[in-house]
Amino acid sequence: MSNATIPDAFRPLLGDDVKAFANLATLLPDGSPQVTPVWFDYADDKIRVNTAKGRWKDRNMRRDGRVALAIMDPANPYRYLQIRGRVDRITEEGADPHIDRLAKKYMGADTYPFRQAGEVRVIYVIRPERVTGMG
């Protein structure tokens, strides 16, 4: 399936200058949903999220790449973007600098302050398949 287009009116929510969180829904082994608020960025028409290897969302996305994200406008909670898509790529390459980049966007910190000893960071590249906006 090809990429769905993000409507121009909602593209500002995806920028580095907006601290919009995404609520990421993944599927647990029994098929029930699991939702986590996550930091994200947008590059090459795809959403990128970052987590540590072994966490629930990591295990879920490796097993089943179908995901959904709800991105609420921090200035207006009645305005949001909903994206359903698939994980296109999973990589550890560049994941440490990526989480530092997200820490800069969301916290103004030069490095990610919550890193755990031995933690392996992973980037998930999500291809939007269906996109709707509200508000």
# chains A, B, ... in the order shown; residues from 1 in each chain; ligands from 1
$ residues_around --residues "Ala52 of chain A" --least-positions-apart "3" --cutoff "9 Å" --atoms "only C-alpha atoms" --output "MDAnalysis selection string"
chainID A and resid 55 57:58 119:123
$ write_last_selection --atoms "C-alpha atoms" --output "tab-separated table (two decimals), in the first residue's frame"
chain	number	residue	atom	x	y	z
A	55	ARG	CA	10.01	-2.90	25.86
A	57	LYS	CA	6.10	-1.53	22.08
A	58	ASP	CA	9.39	-2.86	20.70
A	119	GLU	CA	20.01	0.00	26.94
A	120	VAL	CA	19.87	-0.53	23.18
A	121	ARG	CA	17.89	2.19	21.37
A	122	VAL	CA	15.85	1.36	18.27
A	123	ILE	CA	14.16	3.51	15.59
$ residues_around --residues "segment 38-40 of chain A" --least-positions-apart "3" --cutoff "9 Å" --atoms "only C-alpha atoms" --output "VMD selection string"
chain A and resid 14 19 to 24 47 to 51 99 102 to 103 105 to 106
$ write_last_selection --atoms "all heavy atoms" --output "compact mmCIF listing (two decimals), in the first residue's frame"
# COMPACT_ATOMS: atom_id res chain seq x y z
N LEU A 14 3.74 18.14 12.94
CA LEU A 14 4.82 17.17 12.79
C LEU A 14 6.20 17.81 12.85
O LEU A 14 7.21 17.11 12.80
CB LEU A 14 4.65 16.41 11.48
CG LEU A 14 3.29 15.76 11.26
CD1 LEU A 14 3.24 15.07 9.91
CD2 LEU A 14 2.93 14.80 12.38
N LYS A 19 5.85 20.62 20.19
CA LYS A 19 6.05 19.50 21.12
C LYS A 19 4.78 18.67 21.24
O LYS A 19 4.26 18.44 22.34
CB LYS A 19 6.48 20.03 22.48
CG LYS A 19 7.84 20.67 22.46
CD LYS A 19 8.20 21.20 23.83
CE LYS A 19 9.53 21.93 23.77
NZ LYS A 19 9.88 22.52 25.06
N ALA A 20 4.29 18.19 20.11
CA ALA A 20 3.11 17.32 20.10
C ALA A 20 3.56 15.90 20.39
O ALA A 20 4.49 15.40 19.77
CB ALA A 20 2.41 17.40 18.75
N PHE A 21 2.90 15.25 21.34
CA PHE A 21 3.16 13.85 21.63
C PHE A 21 2.26 13.00 20.74
O PHE A 21 1.17 13.42 20.37
CB PHE A 21 2.87 13.53 23.10
CG PHE A 21 3.89 14.06 24.04
CD1 PHE A 21 3.89 15.40 24.40
CD2 PHE A 21 4.86 13.24 24.57
CE1 PHE A 21 4.84 15.91 25.28
CE2 PHE A 21 5.81 13.73 25.45
CZ PHE A 21 5.80 15.07 25.80
N ALA A 22 2.72 11.80 20.43
CA ALA A 22 1.89 10.84 19.70
C ALA A 22 1.50 9.74 20.67
O ALA A 22 2.34 9.25 21.44
CB ALA A 22 2.66 10.26 18.53
N ASN A 23 0.24 9.36 20.66
CA ASN A 23 -0.19 8.18 21.39
C ASN A 23 -0.10 7.02 20.41
O ASN A 23 -0.84 6.99 19.43
CB ASN A 23 -1.61 8.36 21.93
CG ASN A 23 -1.63 9.38 23.05
OD1 ASN A 23 -1.01 9.16 24.07
ND2 ASN A 23 -2.32 10.48 22.85
N LEU A 24 0.83 6.13 20.66
CA LEU A 24 1.13 5.02 19.76
C LEU A 24 0.41 3.77 20.22
O LEU A 24 0.61 3.32 21.36
CB LEU A 24 2.64 4.76 19.74
CG LEU A 24 3.12 3.51 19.01
CD1 LEU A 24 2.90 3.64 17.50
CD2 LEU A 24 4.59 3.25 19.32
N ILE A 47 6.73 8.68 9.85
CA ILE A 47 6.85 8.98 11.27
C ILE A 47 7.95 8.08 11.84
O ILE A 47 8.01 6.89 11.53
CB ILE A 47 5.52 8.67 12.00
CG1 ILE A 47 4.37 9.51 11.44
CG2 ILE A 47 5.67 8.86 13.52
CD1 ILE A 47 4.39 10.96 11.78
N ARG A 48 8.80 8.67 12.69
CA ARG A 48 9.85 7.88 13.34
C ARG A 48 9.68 7.98 14.85
O ARG A 48 9.54 9.07 15.38
CB ARG A 48 11.23 8.39 12.95
CG ARG A 48 11.50 8.29 11.46
CD ARG A 48 12.92 8.67 11.09
NE ARG A 48 13.31 9.96 11.64
CZ ARG A 48 14.55 10.46 11.55
NH1 ARG A 48 15.51 9.77 10.98
NH2 ARG A 48 14.82 11.65 12.06
N VAL A 49 9.66 6.82 15.51
CA VAL A 49 9.64 6.75 16.96
C VAL A 49 10.87 5.98 17.43
O VAL A 49 11.48 5.24 16.65
CB VAL A 49 8.33 6.12 17.52
CG1 VAL A 49 7.13 6.96 17.13
CG2 VAL A 49 8.16 4.70 17.07
N ASN A 50 11.20 6.15 18.69
CA ASN A 50 12.42 5.56 19.23
C ASN A 50 12.09 4.98 20.61
O ASN A 50 11.43 5.63 21.41
CB ASN A 50 13.46 6.68 19.35
CG ASN A 50 14.84 6.20 19.73
OD1 ASN A 50 15.01 5.46 20.68
ND2 ASN A 50 15.83 6.69 19.01
N THR A 51 12.53 3.77 20.86
CA THR A 51 12.36 3.17 22.18
C THR A 51 13.54 2.24 22.47
O THR A 51 14.42 2.08 21.63
CB THR A 51 11.01 2.42 22.31
OG1 THR A 51 10.76 2.14 23.69
CG2 THR A 51 10.99 1.13 21.52
N ILE A 99 17.53 9.61 19.52
CA ILE A 99 16.87 9.88 20.80
C ILE A 99 17.41 11.19 21.39
O ILE A 99 16.66 11.94 22.03
CB ILE A 99 16.97 8.69 21.80
CG1 ILE A 99 15.96 8.88 22.95
CG2 ILE A 99 18.36 8.52 22.35
CD1 ILE A 99 14.52 8.88 22.57
N LEU A 102 15.48 13.89 19.65
CA LEU A 102 14.14 14.01 20.20
C LEU A 102 14.17 14.67 21.58
O LEU A 102 13.27 15.45 21.92
CB LEU A 102 13.47 12.63 20.27
CG LEU A 102 13.12 12.00 18.91
CD1 LEU A 102 12.58 10.60 19.11
CD2 LEU A 102 12.15 12.86 18.13
N ALA A 103 15.20 14.40 22.38
CA ALA A 103 15.34 15.05 23.69
C ALA A 103 15.50 16.55 23.51
O ALA A 103 14.97 17.34 24.31
CB ALA A 103 16.52 14.45 24.46
N LYS A 105 14.25 18.31 20.97
CA LYS A 105 12.93 18.80 20.55
C LYS A 105 11.98 18.93 21.74
O LYS A 105 11.32 19.95 21.90
CB LYS A 105 12.32 17.85 19.50
CG LYS A 105 10.88 18.15 19.13
CD LYS A 105 10.31 17.15 18.13
CE LYS A 105 8.84 17.40 17.86
NZ LYS A 105 8.29 16.50 16.84
N TYR A 106 11.87 17.90 22.55
CA TYR A 106 10.86 17.85 23.60
C TYR A 106 11.29 18.44 24.94
O TYR A 106 10.45 18.87 25.72
CB TYR A 106 10.39 16.41 23.80
CG TYR A 106 9.48 15.94 22.69
CD1 TYR A 106 9.99 15.28 21.58
CD2 TYR A 106 8.12 16.20 22.72
CE1 TYR A 106 9.16 14.87 20.54
CE2 TYR A 106 7.28 15.80 21.70
CZ TYR A 106 7.81 15.13 20.60
OH TYR A 106 6.98 14.75 19.58
$ select_by_dssp --residues "segment 69-130 of chain A" --states "strand (DSSP E)" --output "PyMOL selection string"
chain A and resi 69-73+76-91+121-130
$ write_last_selection --atoms "C-alpha atoms" --output "compact mmCIF listing (two decimals), in the first residue's frame"
# COMPACT_ATOMS: atom_id res chain seq x y z
CA LEU A 69 -0.99 7.09 16.22
CA ALA A 70 -3.09 9.95 17.53
CA ILE A 71 -1.21 13.25 17.56
CA MET A 72 -3.01 15.98 19.49
CA ASP A 73 -2.35 19.67 18.89
CA ASN A 76 -5.95 22.83 20.94
CA PRO A 77 -6.83 19.33 22.26
CA TYR A 78 -9.89 19.21 19.99
CA ARG A 79 -7.60 19.27 16.94
CA TYR A 80 -5.71 16.09 16.18
CA LEU A 81 -4.23 13.91 13.48
CA GLN A 82 -4.88 10.17 13.36
CA ILE A 83 -2.52 7.92 11.41
CA ARG A 84 -2.84 4.21 10.79
CA GLY A 85 0.12 2.55 9.19
CA ARG A 86 2.84 -0.07 9.27
CA VAL A 87 6.37 -0.25 10.52
CA ASP A 88 8.47 -0.11 7.37
CA ARG A 89 11.86 -0.40 8.98
CA ILE A 90 13.40 -1.21 12.36
CA THR A 91 17.00 -0.20 12.96
CA ARG A 121 17.89 2.19 21.37
CA VAL A 122 15.85 1.36 18.27
CA ILE A 123 14.16 3.51 15.59
CA TYR A 124 10.85 2.42 14.05
CA VAL A 125 10.00 4.02 10.73
CA ILE A 126 6.23 4.08 10.22
CA ARG A 127 4.61 4.44 6.79
CA PRO A 128 1.20 6.15 7.01
CA GLU A 129 -1.50 4.19 5.17
CA ARG A 130 -4.61 6.06 6.35
$ atom_distance --atom1 "atom CA of Tyr42 of chain A" --atom2 "atom CA of Gly65 of chain A"
17.8 Å
$ select_by_dssp --residues "segment 74-132 of chain A" --states "alpha helix (DSSP H)" --output "list in words"
Ala95, Asp96, Pro97, His98, Ile99, Asp100, Arg101, Leu102, Ala103, Lys104, Lys105, Tyr106 and Met107 of chain A
$ closest_residue --among "A:Pro12, A:Pro29, A:Pro74, A:Pro37" --to "Asn60 of chain A" --atoms "only C-alpha atoms"
A:Pro29
$ residues_around --residues "Ile6 of chain A" --least-positions-apart "2" --cutoff "9 Å" --atoms "only C-alpha atoms" --output "PyMOL selection string"
chain A and resi 4+8-11+45+81+83+128+131-133
$ write_last_selection --atoms "N, CA, C and O atoms" --output "short mmCIF file (atom, residue, chain, number, x, y, z; two decimals), in the first residue's frame"
data_model
loop_
_atom_site.label_atom_id
_atom_site.label_comp_id
_atom_site.auth_asym_id
_atom_site.auth_seq_id
_atom_site.Cartn_x
_atom_site.Cartn_y
_atom_site.Cartn_z
N ALA A 4 -0.04 7.36 2.65
CA ALA A 4 -1.14 8.32 2.70
C ALA A 4 -0.51 9.70 2.90
O ALA A 4 0.54 9.83 3.52
N ASP A 8 -2.02 19.30 4.46
CA ASP A 8 -1.18 20.48 4.69
C ASP A 8 -1.52 21.19 5.99
O ASP A 8 -0.63 21.67 6.69
N ALA A 9 -2.81 21.25 6.34
CA ALA A 9 -3.23 21.96 7.54
C ALA A 9 -2.68 21.32 8.82
O ALA A 9 -2.59 21.98 9.85
N PHE A 10 -2.30 20.04 8.75
CA PHE A 10 -1.82 19.33 9.94
C PHE A 10 -0.30 19.13 9.94
O PHE A 10 0.25 18.69 10.94
N ARG A 11 0.36 19.46 8.85
CA ARG A 11 1.81 19.28 8.78
C ARG A 11 2.58 20.02 9.88
O ARG A 11 3.58 19.50 10.38
N ASP A 45 8.34 11.69 4.64
CA ASP A 45 6.92 11.31 4.64
C ASP A 45 6.62 10.12 5.56
O ASP A 45 5.63 9.41 5.36
N LEU A 81 -4.53 14.67 14.68
CA LEU A 81 -4.23 13.91 13.48
C LEU A 81 -4.21 12.45 13.88
O LEU A 81 -3.60 12.07 14.89
N ILE A 83 -3.26 8.63 12.46
CA ILE A 83 -2.52 7.92 11.41
C ILE A 83 -2.57 6.44 11.70
O ILE A 83 -2.28 6.00 12.82
N PRO A 128 2.64 5.90 6.90
CA PRO A 128 1.20 6.15 7.01
C PRO A 128 0.43 5.51 5.86
O PRO A 128 0.82 5.64 4.70
N VAL A 131 -4.83 8.40 6.87
CA VAL A 131 -4.64 9.60 7.67
C VAL A 131 -5.95 10.38 7.72
O VAL A 131 -6.60 10.58 6.69
N THR A 132 -6.36 10.78 8.92
CA THR A 132 -7.51 11.65 9.07
C THR A 132 -7.15 12.74 10.07
O THR A 132 -6.37 12.53 10.99
N GLY A 133 -7.74 13.91 9.87
CA GLY A 133 -7.53 15.02 10.77
C GLY A 133 -8.86 15.52 11.29
O GLY A 133 -9.89 15.40 10.60
#
